[in-house]
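A.B. asks: Below is a structure I'd like to ask you about.
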Amino acid sequence: MTLRLEGISRSVAGVAHLRDVSLSLPRGMPNVLLGPTLSGKTSLMRLMAGLDRPDSGRILLDGKDVTGVPARRRSVAMVYQQFVNYPTLTLYENIASPLRVAGVKGAEIDRRVREAAALLRLEPLLERLPPQVSGGQQQRTAIARALVRRADLVLLDEPLANLDYKLREELREELPRLFADSGAILVYATTEPTEALLLGGQVVALWEGAVAQVGPSAEVYRAPRTLAAARVFSDPPMNELAIACRDGALLLPDGRRLSVGGRLASLPAGDHRLGFRAETLRFAAPAAGTLCFAGTVAVTEITGSESFVHVDVDVGAAAPARWVSLLPGVQELEPGQPVSLAVDPAAIFVFDAAGAIAGAPCRAAA
Amino acid sequence: MNDRPFDNRAWLLVLPVLAIVLFSALLPLMTVVNYSVQDSFGNNQFFWNGIGWYRELLDPSTDLGSRFFGALWRSLLFSAIILAIEVPLGIAVALCMPRDGWRLAATLVLMALPLLVPWNVVGTIWQVFARGDIGLFGHVVNALGIDYNYTAGILSAWFTIVIMDVWHWTSLVALLCYAGLRAIPDAFYQAARIDGASRLAVFRWIELPKLRRVLVIAVLLRFMDSFMIYTEPFVVTGGGPGNATTMLSIDLVKLALGQFDLGKAAAMSIVFNLIILAVCWVFYTVMTALDAEKQAEGPAKGAE
Amino acid sequence: MARITLDGIAHAYRPNPRSDADYALKPLHLTWERGLAYALLGPSGCGKTTLLNILSGLLRPSHGRLLFDGVDVTDWPTERRNIAQVFQFPVIYDTMTVRENLAFPLRNRGVAPAAAARRVTEIAELLGLSPMLDRRARGLTPDAKQKISLGRGLVRSDVAALLLDEPLTVIDPNLKWELRSRLKAAHRALDRLMVYVTHDQTEALTFADRVVVMQDGRMLQIGTPAELFERPEHVFVGHFIGSPGMNFLPAAVTGDRAVVAGFEIPLGAAYGPLPAGVPVQLGIRPDFTALGAGPGGLPVTLERVDDLGRLRLARVRLGPHPLVARLPDGVDPATAALYLDSRRLHVYADGKRVPPPGELRQEAAA
């Protein structure tokens, strides 16, 4: 079973929400729609669910055109960012509700509800009402309700976004296991690259309503083919620097001319954009002939086991660039503190003026 | 609508409503329009008069025109007085209402009582209550040495119908405002205390701005009701003394049913209707502008 | 001024509390110093909001005294306490301009207009509100509004403390770091006592000089972010701080050896006799573990590998006990053994950390 989108476009009030999206979403592995807010994830899901109709293009389920078929007559289940449950029904009845609507027989309902509850570890809570359980348990109930009806298509729209930090971590670990034995086509929208990587499967990187790249998630992460895909798949945002290549040397915006060896030396002449993720921007003493920069600390965000240091870096442009460096452990750096940073040339992505990849880090091949 | 895969046959379900509206509103309205452009001398004989009635009606130098404008100004004055009293009074009452407990329940019941009394009963109550001979109110006022007789004095008559309307409808404004006040999150009051704001500043900068939308609705409701008022002054003063309390709607009925001047009355109804439509449109515009502002503000609350 | 002392503060919402469970807040002895930023961190229901309400004067504690600079303010109303507060959602005066909003607390206290204007300009500059000073507050974005509420708290120079109640809840995720850096800069510039309440560990660790970790109405640990990361005093702290949280393994400890599931593990120090009859656990953060090939490792069975892109985490079992370990590049997880950094191992008895002998002396010397 496969859901195919062919040349889907949709605009609302003159604003293009989706531009010529063509996708093939197979069953048996999670399909993760990854992109920032307003990149078109929800628009795409609404089309798949049959809540909206595309301006152009076709939606095919197993080769059958379902473009104009309303949601009511499709076999779709959806989980939202908000916890949507019936507040006056017990968790058991909440999970059973789609089966009752579908007219499934009593014993069969009981079997399927208990099966889903076991999968989502809700068994001891089945007699409680939604307000009596935690947010994580409420969202698990909503997921159970989506799984229990065995719809052809299960859509999850940022299901973990409203949960507490620790709960999100917990549920994130459970989700791949749940998805492993579901027979449906699963589509999961998220803004978080980490979530996409943990879920595995196929990732669809969305940027401004268009598909930036499709592929196995680890592959798209390590070898983005476009600047947009690399941006989508970087959290914190990827650090970027515009440079020019002349005669095998790099011209930095601050006037420095570097002769770096290796693959950066073999770039074609012209303007390029370097991209490097936070973990490759290191604190290091300045040394001539390396990609090193001076900056001041703006703020350090400490997540608990890592520290994201936001640094204002003087790159020769009018305004300093705001870069992020990822350091292990807890690092307490004062705002305003001067620091010096360096990037390993081997870890840099190079994009040409059109945003296509022109050089990938060495380890991407591995 | 066609950008959603919905079933357009659903529109068929609207047909019965359209039919009812056609028979109950559109057809009678067209009859009135028809009357307003004709003259009749009885015997069901009608003559084409074009916009003659309208011309006469809107010209203050004619009998009909002076009568119309007299009634219009009286109606507008009445509405203005009503709004000037009921809105501030309603806000004041709402601010004084208890916030919870049995006192709140008692207050709500008490305040809902006048709203439940039918219009003509309100008129009758006050007609008796305000009489100098057997009415408690009239008797007390006269005993205080004030010359008060609503059937003879213009001021007394106005005073009576205004106070009657205030008695009848202030609690509506108060209840609306109370609901608006209850919707203000506690954090705002707490922030004001922290900022050292006085009670007056809290009202001026928090309560009044947050009540704005509710007040627009209250003003709209009270304006429409008071502008179209008929039953109570008809019962109490019968529009008198003289024409002193003859509001537009009373005059209309006198013209149509008393004198059977169908053409003039029809023209007056149409103009009356247009005035109300215009007011509605102004309010609608104000409301949607407020809504748009609210939208632009974004989701300010609701986050847990 | 500004030093806050909690002298045995406790609170029960019900009258005549009998058992421990009746207390929403268990007795607390603490002193908070001027110029420092404190965070109250814990999951919902841990008592942090109760404590905040006691500080702001919304709630009178059922036990204990609250002192501001040695003065008992337990029975003082909010307006007398000289505190400022920023709420979860922005509280602004809609109909005023940004400038009027900021000046409002000063105007109410009769500050001279010239002095007030100077102070408003200063605070607006600090928070980046200068370009919008004369705009009406109503139409601004949530983050600008939240800056206004923050500004109203900072504008007075006489406040004893600024209380912040999850102030970033309604802020768009990618704008949070900007507000964090503003907040941090304001704190450095104004040398104020600040108390920040949150359930989000990143917020707490990023903002605070000292973090108070709470659970079930009890304070578990107060410390710098680095201390919480390196030396969690309680099992819950180890689990809650860090992503993923600390690994805990049931163990038997004698001297400088621990035995976990039959495997002997060397400890960083020799422990004296531990309390009898209570569960003993070893705790180690995933950051200080690694899978690798070579001699001396602990044999583990692999359950799953989570590829987070920049690092890989292996979920393994040591005997029956689950554990998360780092998986360096180039290591085959199927055949690798587990290595623990023995200096980073902590011993917990009944959920509390047992300090190795000599630790206190070391600290005194440092």
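Chain labels follow the order of the structure tokens: the first chain is A, the next B, and so on; residue numbering restarts at 1 in every chain, and ligands are counted from 1 in their shown order.
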Any idea which chain A residues end up within 7 Å of chain C if we count only C-alpha atoms, as a list of chain:residue names please?
C.D. replies: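 Close to chain C, chain A has A:Tyr165, A:Thr194, A:Leu197, A:Leu198, A:Ala218, A:Tyr221, A:Ala298, A:Val299, A:Thr300, A:Glu301, A:Ile302, A:Thr303, A:Gly304, A:Ser305, A:Val330, A:Pro335.
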A.B. asks: Find the residues around Val84 of chain A up to 10 Å (only C-alpha atoms counted), leave out those fewer than 6 positions away in its own chain, and share them as a list in words.
C.D. replies: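 Residues near the query, excluding close chain neighbours: Asn94, Pro130, Gln138, Gln139, Thr141, Ala142 and Ile143 of chain A.
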A.B. asks: Print the selection's residues with C-alpha atoms to a file, as a PDB file, in the first residue's frame.
C.D. replies:
ATOM      1  CA  ASN A  94     -11.977   6.869  24.400  1.00  0.00           C
ATOM      2  CA  PRO A 130      -8.587  11.979  30.707  1.00  0.00           C
ATOM      3  CA  GLN A 138      -3.542  11.643  27.452  1.00  0.00           C
ATOM      4  CA  GLN A 139      -1.481  11.865  24.302  1.00  0.00           C
ATOM      5  CA  THR A 141      -4.571   7.602  24.614  1.00  0.00           C
ATOM      6  CA  ALA A 142      -5.002   9.726  21.496  1.00  0.00           C
ATOM      7  CA  ILE A 143      -2.324   7.679  19.730  1.00  0.00           C
TER       8      ILE A 143
END
A.B. asks: Using only C-alpha atoms, find which residues of chain C lie within 9 Å of chain B and jot them down as a ChimeraX atom specification.
C.D. replies: /C:56,58,78-96,104-109,138-142,149,152-153,169-170
A.B. asks: Segment 36-226 of chain B: which residues are helix (DSSP H, G or I) by DSSP, as a VMD selection string?
C.D. replies: chain B and resid 36 52 to 57 63 to 96 101 to 116 119 to 129 136 to 143 154 to 182 186 to 194 199 to 226
A.B. asks: Leu64 of chain B: which residues within 12 Å, counting only C-alpha atoms, same-chain residues fewer than 4 positions away excluded, as a list in words?
C.D. replies: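 Residues meeting the cut-off are Gly52, Trp53, Tyr54, Arg55, Glu56, Leu57, Leu58, Asp59, Pro60, Phe68, Phe69, Gly70, Ala71, Asp251, Leu252, Leu255, Asp261, Gly263, Lys264, Ala265, Ala267 and Met268 of chain B.
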A.B. asks: What does the file look like for those residues with N, CA and C atoms, as a PDB file, in the first residue's frame?
C.D. replies:
ATOM      1  N   GLY B  52     -43.501  60.949  -3.339  1.00  0.00           N
ATOM      2  CA  GLY B  52     -44.182  62.068  -2.701  1.00  0.00           C
ATOM      3  C   GLY B  52     -44.154  62.016  -1.180  1.00  0.00           C
ATOM      4  N   TRP B  53     -44.497  60.852  -0.633  1.00  0.00           N
ATOM      5  CA  TRP B  53     -44.544  60.725   0.836  1.00  0.00           C
ATOM      6  C   TRP B  53     -43.165  60.958   1.451  1.00  0.00           C
ATOM      7  N   TYR B  54     -42.158  60.403   0.768  1.00  0.00           N
ATOM      8  CA  TYR B  54     -40.798  60.544   1.306  1.00  0.00           C
ATOM      9  C   TYR B  54     -40.397  62.013   1.326  1.00  0.00           C
ATOM     10  N   ARG B  55     -40.738  62.712   0.225  1.00  0.00           N
ATOM     11  CA  ARG B  55     -40.377  64.119   0.131  1.00  0.00           C
ATOM     12  C   ARG B  55     -41.017  64.909   1.280  1.00  0.00           C
ATOM     13  N   GLU B  56     -42.299  64.594   1.532  1.00  0.00           N
ATOM     14  CA  GLU B  56     -43.019  65.284   2.593  1.00  0.00           C
ATOM     15  C   GLU B  56     -42.444  64.931   3.968  1.00  0.00           C
ATOM     16  N   LEU B  57     -42.142  63.662   4.103  1.00  0.00           N
ATOM     17  CA  LEU B  57     -41.665  63.153   5.392  1.00  0.00           C
ATOM     18  C   LEU B  57     -40.340  63.801   5.786  1.00  0.00           C
ATOM     19  N   LEU B  58     -39.460  63.967   4.811  1.00  0.00           N
ATOM     20  CA  LEU B  58     -38.126  64.460   5.118  1.00  0.00           C
ATOM     21  C   LEU B  58     -38.032  65.981   5.034  1.00  0.00           C
ATOM     22  N   ASP B  59     -39.141  66.637   4.789  1.00  0.00           N
ATOM     23  CA  ASP B  59     -39.147  68.096   4.745  1.00  0.00           C
ATOM     24  C   ASP B  59     -39.773  68.630   6.040  1.00  0.00           C
ATOM     25  N   PRO B  60     -38.957  69.198   6.936  1.00  0.00           N
ATOM     26  CA  PRO B  60     -39.475  69.589   8.258  1.00  0.00           C
ATOM     27  C   PRO B  60     -40.530  70.676   8.178  1.00  0.00           C
ATOM     28  N   PHE B  68     -42.618  63.927  12.050  1.00  0.00           N
ATOM     29  CA  PHE B  68     -41.632  62.852  11.973  1.00  0.00           C
ATOM     30  C   PHE B  68     -40.351  63.239  12.707  1.00  0.00           C
ATOM     31  N   PHE B  69     -39.845  64.455  12.381  1.00  0.00           N
ATOM     32  CA  PHE B  69     -38.581  64.847  13.011  1.00  0.00           C
ATOM     33  C   PHE B  69     -38.741  65.040  14.509  1.00  0.00           C
ATOM     34  N   GLY B  70     -39.929  65.556  14.917  1.00  0.00           N
ATOM     35  CA  GLY B  70     -40.195  65.676  16.349  1.00  0.00           C
ATOM     36  C   GLY B  70     -40.066  64.334  17.035  1.00  0.00           C
ATOM     37  N   ALA B  71     -40.720  63.327  16.462  1.00  0.00           N
ATOM     38  CA  ALA B  71     -40.690  61.997  17.057  1.00  0.00           C
ATOM     39  C   ALA B  71     -39.274  61.412  17.002  1.00  0.00           C
ATOM     40  N   ASP B 251     -45.642  57.003  17.276  1.00  0.00           N
ATOM     41  CA  ASP B 251     -46.167  57.873  16.223  1.00  0.00           C
ATOM     42  C   ASP B 251     -46.565  57.067  14.990  1.00  0.00           C
ATOM     43  N   LEU B 252     -45.752  56.096  14.699  1.00  0.00           N
ATOM     44  CA  LEU B 252     -45.986  55.249  13.539  1.00  0.00           C
ATOM     45  C   LEU B 252     -47.332  54.542  13.677  1.00  0.00           C
ATOM     46  N   LEU B 255     -50.187  56.902  13.293  1.00  0.00           N
ATOM     47  CA  LEU B 255     -50.369  57.288  11.896  1.00  0.00           C
ATOM     48  C   LEU B 255     -51.041  56.167  11.108  1.00  0.00           C
ATOM     49  N   ASP B 261     -53.456  56.410   7.710  1.00  0.00           N
ATOM     50  CA  ASP B 261     -52.690  56.990   6.621  1.00  0.00           C
ATOM     51  C   ASP B 261     -51.627  56.003   6.179  1.00  0.00           C
ATOM     52  N   GLY B 263     -50.056  55.227   3.403  1.00  0.00           N
ATOM     53  CA  GLY B 263     -48.918  55.655   2.585  1.00  0.00           C
ATOM     54  C   GLY B 263     -47.865  56.347   3.410  1.00  0.00           C
ATOM     55  N   LYS B 264     -48.299  57.334   4.236  1.00  0.00           N
ATOM     56  CA  LYS B 264     -47.363  58.069   5.075  1.00  0.00           C
ATOM     57  C   LYS B 264     -46.698  57.135   6.070  1.00  0.00           C
ATOM     58  N   ALA B 265     -47.512  56.292   6.706  1.00  0.00           N
ATOM     59  CA  ALA B 265     -46.971  55.375   7.703  1.00  0.00           C
ATOM     60  C   ALA B 265     -45.960  54.428   7.064  1.00  0.00           C
ATOM     61  N   ALA B 267     -44.090  54.956   4.421  1.00  0.00           N
ATOM     62  CA  ALA B 267     -42.860  55.682   4.137  1.00  0.00           C
ATOM     63  C   ALA B 267     -42.052  55.872   5.418  1.00  0.00           C
ATOM     64  N   MET B 268     -42.772  56.195   6.508  1.00  0.00           N
ATOM     65  CA  MET B 268     -42.082  56.393   7.777  1.00  0.00           C
ATOM     66  C   MET B 268     -41.418  55.090   8.237  1.00  0.00           C
TER      67      MET B 268
END
A.B. asks: For the contact check between chain A and chain B, emit one row per residue of chain A within 6 Å, containing the shortest atom pair and the distance in Å rounded to one decimal, counting only C-alpha atoms, chain then rising number order, as a tab-separated table.
C.D. replies:
residue	atom	partner	partner_atom	distance
A:Asp52	CA	B:Arg4	CA	4.6
A:Arg53	CA	B:Arg4	CA	5.0
A:Gly68	CA	B:Pro5	CA	5.2
A:Pro70	CA	B:Pro5	CA	5.2
